[in-house]
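In what follows, a structure is listed as structure tokens, so that the remarks can point back to it.
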Amino acid sequence: MSKLAQARAQVVRILVPAGQAAPTPPVGPALGARGVKSMDFCKEFNARTAHIQPGVPTPTLITVRPDRTFTFITKTPPTSYFLKKAAGIEKGTGRPGHETVGTVSLKHIYEIAKIKATDEHLKHLRLEAIASTIIGSARTLGVQVVP
């Protein structure tokens, strides 16, 4: 491996349940392969997500530096998680566009959009733009949006 490749930080993206990180898959193998002690990450992650309801899926970006230290940022839960919770369903449809498995109101859509607007990559977008992407996600899940 060249010196340049070794000097670069690696970014690991994983979905971890809030407050329930453990050195088991997906956390253990993802970090262990990069020489990071997964227990250190788990303790810090669980402390940082203690305010969130346990078990909520939390997308996490872990930056592993060449000296095996790491930093991580947590994002808001996936849109599909919020939509399923609002519609009161376990999972989406297998046939989007053909089957409707639940309904959410436009108020729910805007509540989800407000939460998602706190994510760094969505801060520059208007609330309406975020809401329209959430409506698209709802359609894909088989969730109908009602006024």
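Starting from 1 in every chain, residues are counted up; chains themselves are A, B, ... following the order of the structure tokens, and ligands are numbered from 1 as listed.
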Requested in this report: Please give the complete set of residues from chain A that DSSP, run on the backbone, assigns to helix (DSSP H, G or I), formatted as an MDAnalysis selection string.
Outcome: chainID A and resid 3:7 27:32 38:48 79:87 106:116 120:122 127:141
Interface rows for segment 50-89 of chain A against segment 102-117 of chain A: nearest pair, Å to one decimal, 9 Å, only C-alpha atoms, as CSV:
residue,atom,partner,partner_atom,distance
A:Lys75,CA,A:Lys116,CA,8.7
A:Thr76,CA,A:Lys116,CA,6.3
A:Pro77,CA,A:Lys116,CA,8.2
A:Pro78,CA,A:Lys116,CA,8.6
A:Thr79,CA,A:Ile112,CA,7.5
A:Phe82,CA,A:Ile112,CA,6.7
A:Leu83,CA,A:Val104,CA,7.5
A:Lys84,CA,A:Gly102,CA,8.4
A:Ala86,CA,A:Val104,CA,6.3
A:Ala87,CA,A:Gly102,CA,5.4
A:Gly88,CA,A:Gly102,CA,7.3
A:Ile89,CA,A:Gly102,CA,6.8
Would you save the residues from that selection as a short mmCIF file (atom, residue, chain, number, x, y, z; two decimals), in the first residue's frame, using all heavy atoms?
data_model
loop_
_atom_site.label_atom_id
_atom_site.label_comp_id
_atom_site.auth_asym_id
_atom_site.auth_seq_id
_atom_site.Cartn_x
_atom_site.Cartn_y
_atom_site.Cartn_z
N LYS A 75 -26.71 11.26 12.35
CA LYS A 75 -27.72 11.99 11.58
C LYS A 75 -29.09 11.63 12.13
O LYS A 75 -29.21 10.77 13.01
CB LYS A 75 -27.62 11.62 10.10
CG LYS A 75 -26.30 12.04 9.49
CD LYS A 75 -26.28 11.73 8.02
CE LYS A 75 -25.01 12.26 7.40
NZ LYS A 75 -25.02 12.08 5.96
N THR A 76 -30.12 12.25 11.56
CA THR A 76 -31.48 11.91 12.00
C THR A 76 -31.85 10.55 11.41
O THR A 76 -31.31 10.15 10.37
CB THR A 76 -32.48 12.98 11.53
OG1 THR A 76 -32.40 13.11 10.12
CG2 THR A 76 -32.21 14.33 12.18
N PRO A 77 -32.77 9.85 12.05
CA PRO A 77 -33.19 8.53 11.54
C PRO A 77 -33.69 8.62 10.09
O PRO A 77 -34.09 9.70 9.64
CB PRO A 77 -34.32 8.12 12.48
CG PRO A 77 -34.01 8.84 13.74
CD PRO A 77 -33.42 10.15 13.32
N PRO A 78 -33.67 7.49 9.37
CA PRO A 78 -34.11 7.49 7.96
C PRO A 78 -35.58 7.93 7.84
O PRO A 78 -36.39 7.70 8.74
CB PRO A 78 -33.97 6.04 7.53
CG PRO A 78 -33.07 5.41 8.52
CD PRO A 78 -33.21 6.18 9.80
N THR A 79 -35.90 8.55 6.70
CA THR A 79 -37.26 9.01 6.43
C THR A 79 -38.24 7.84 6.52
O THR A 79 -39.34 8.00 7.07
CB THR A 79 -37.31 9.65 5.03
OG1 THR A 79 -36.34 10.69 4.97
CG2 THR A 79 -38.68 10.22 4.74
N PHE A 82 -39.50 7.19 10.06
CA PHE A 82 -40.53 8.14 10.51
C PHE A 82 -41.87 7.87 9.83
O PHE A 82 -42.91 7.93 10.48
CB PHE A 82 -40.10 9.58 10.20
CG PHE A 82 -39.00 10.10 11.09
CD1 PHE A 82 -37.83 10.58 10.55
CD2 PHE A 82 -39.13 10.12 12.48
CE1 PHE A 82 -36.81 11.08 11.35
CE2 PHE A 82 -38.13 10.61 13.29
CZ PHE A 82 -36.96 11.09 12.73
N LEU A 83 -41.83 7.58 8.52
CA LEU A 83 -43.08 7.33 7.80
C LEU A 83 -43.78 6.08 8.32
O LEU A 83 -45.00 6.09 8.51
CB LEU A 83 -42.80 7.20 6.30
CG LEU A 83 -42.48 8.50 5.57
CD1 LEU A 83 -41.94 8.22 4.18
CD2 LEU A 83 -43.71 9.40 5.49
N LYS A 84 -43.02 5.01 8.56
CA LYS A 84 -43.62 3.78 9.07
C LYS A 84 -44.22 4.00 10.45
O LYS A 84 -45.29 3.51 10.76
CB LYS A 84 -42.57 2.66 9.13
CG LYS A 84 -42.20 2.10 7.78
CD LYS A 84 -41.27 0.92 7.95
CE LYS A 84 -40.06 1.09 7.08
NZ LYS A 84 -39.04 0.08 7.32
N ALA A 86 -45.31 6.92 11.70
CA ALA A 86 -46.48 7.79 11.58
C ALA A 86 -47.67 7.03 11.02
O ALA A 86 -48.81 7.25 11.43
CB ALA A 86 -46.16 8.99 10.69
N ALA A 87 -47.42 6.11 10.08
CA ALA A 87 -48.51 5.34 9.46
C ALA A 87 -48.91 4.15 10.32
O ALA A 87 -49.94 3.52 10.08
CB ALA A 87 -48.09 4.87 8.07
N GLY A 88 -48.08 3.82 11.30
CA GLY A 88 -48.38 2.69 12.18
C GLY A 88 -48.23 1.34 11.49
O GLY A 88 -49.01 0.42 11.74
N ILE A 89 -47.22 1.23 10.61
CA ILE A 89 -47.00 -0.03 9.90
C ILE A 89 -45.62 -0.59 10.23
O ILE A 89 -44.72 0.14 10.64
CB ILE A 89 -47.14 0.14 8.36
CG1 ILE A 89 -46.18 1.22 7.84
CG2 ILE A 89 -48.58 0.46 7.99
CD1 ILE A 89 -46.13 1.34 6.33
#
task = For Val12 of chain A, list every protein, DNA or RNA residue within 12 Å, evaluated using only C-alpha atoms, and leave out those in the same chain fewer than 3 positions away; present the list as a list of chain:residue names.
result = A:Ala9, A:Leu15, A:Val16, A:Pro26, A:Val27, A:Gly28, A:Pro29, A:Ala30, A:Leu31, A:Gly32, A:Ala33, A:Arg34, A:Val36, A:Pro59, A:Thr60, A:Leu61, A:Ile62, A:Thr63, A:Val64, A:Arg65, A:Phe70, A:Thr71, A:Phe72, A:Ile73, A:Thr74
Could you list, as a short mmCIF file (atom, residue, chain, number, x, y, z; two decimals) with N, CA and C atoms, in the first residue's frame, every residue within 12 Å of Ala47 of chain A, counting only C-alpha atoms and ignoring same-chain residues fewer than 5 positions away?
data_model
loop_
_atom_site.label_atom_id
_atom_site.label_comp_id
_atom_site.auth_asym_id
_atom_site.auth_seq_id
_atom_site.Cartn_x
_atom_site.Cartn_y
_atom_site.Cartn_z
N ALA A 18 -30.02 3.57 18.32
CA ALA A 18 -29.62 4.55 19.34
C ALA A 18 -29.49 3.91 20.70
N GLY A 19 -28.39 4.18 21.38
CA GLY A 19 -28.16 3.68 22.73
C GLY A 19 -27.93 2.19 22.82
N GLN A 20 -27.83 1.51 21.68
CA GLN A 20 -27.67 0.04 21.70
C GLN A 20 -26.48 -0.43 20.88
N ALA A 21 -25.46 0.42 20.73
CA ALA A 21 -24.28 -0.01 19.97
C ALA A 21 -23.54 -1.07 20.76
N ASP A 40 -14.64 1.24 22.35
CA ASP A 40 -14.51 2.69 22.57
C ASP A 40 -15.61 3.43 21.83
N PHE A 41 -15.83 3.03 20.57
CA PHE A 41 -16.88 3.67 19.77
C PHE A 41 -18.24 3.43 20.42
N CYS A 42 -18.52 2.20 20.84
CA CYS A 42 -19.81 1.85 21.41
C CYS A 42 -20.13 2.68 22.65
N ILE A 52 -31.97 9.95 22.84
CA ILE A 52 -32.89 9.43 21.82
C ILE A 52 -33.53 8.15 22.36
N PRO A 54 -34.33 4.53 22.85
CA PRO A 54 -33.48 3.37 22.52
C PRO A 54 -34.04 2.56 21.35
#
Quiz item: What lies within 8 Å of Ala138 of chain A using only C-alpha atoms, ignoring chain neighbours under 5 positions off, as a PyMOL selection string?
Solution: chain A and resi 80+83+143-145
With C-alpha atoms kept, could you save the residues just selected as a short mmCIF file (atom, residue, chain, number, x, y, z; two decimals), in the first residue's frame?
data_model
loop_
_atom_site.label_atom_id
_atom_site.label_comp_id
_atom_site.auth_asym_id
_atom_site.auth_seq_id
_atom_site.Cartn_x
_atom_site.Cartn_y
_atom_site.Cartn_z
CA SER A 80 -38.75 5.53 6.03
CA LEU A 83 -43.08 7.33 7.80
CA VAL A 143 -48.01 5.04 2.24
CA GLN A 144 -50.71 7.41 1.02
CA VAL A 145 -50.46 11.11 1.94
#
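With only C-alpha atoms as the atoms that count, the minimum distance from Lys91 of chain A to the choices A:Ile130, A:Leu141, A:Pro57, A:Leu125 is reached by A:Leu141.
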Note to self: Among segment 80-140 of chain A, which ones does DSSP assign to strand (DSSP E) (computed from the backbone)? Answer as a VMD selection string.
What the structure shows: chain A and resid 102 to 105
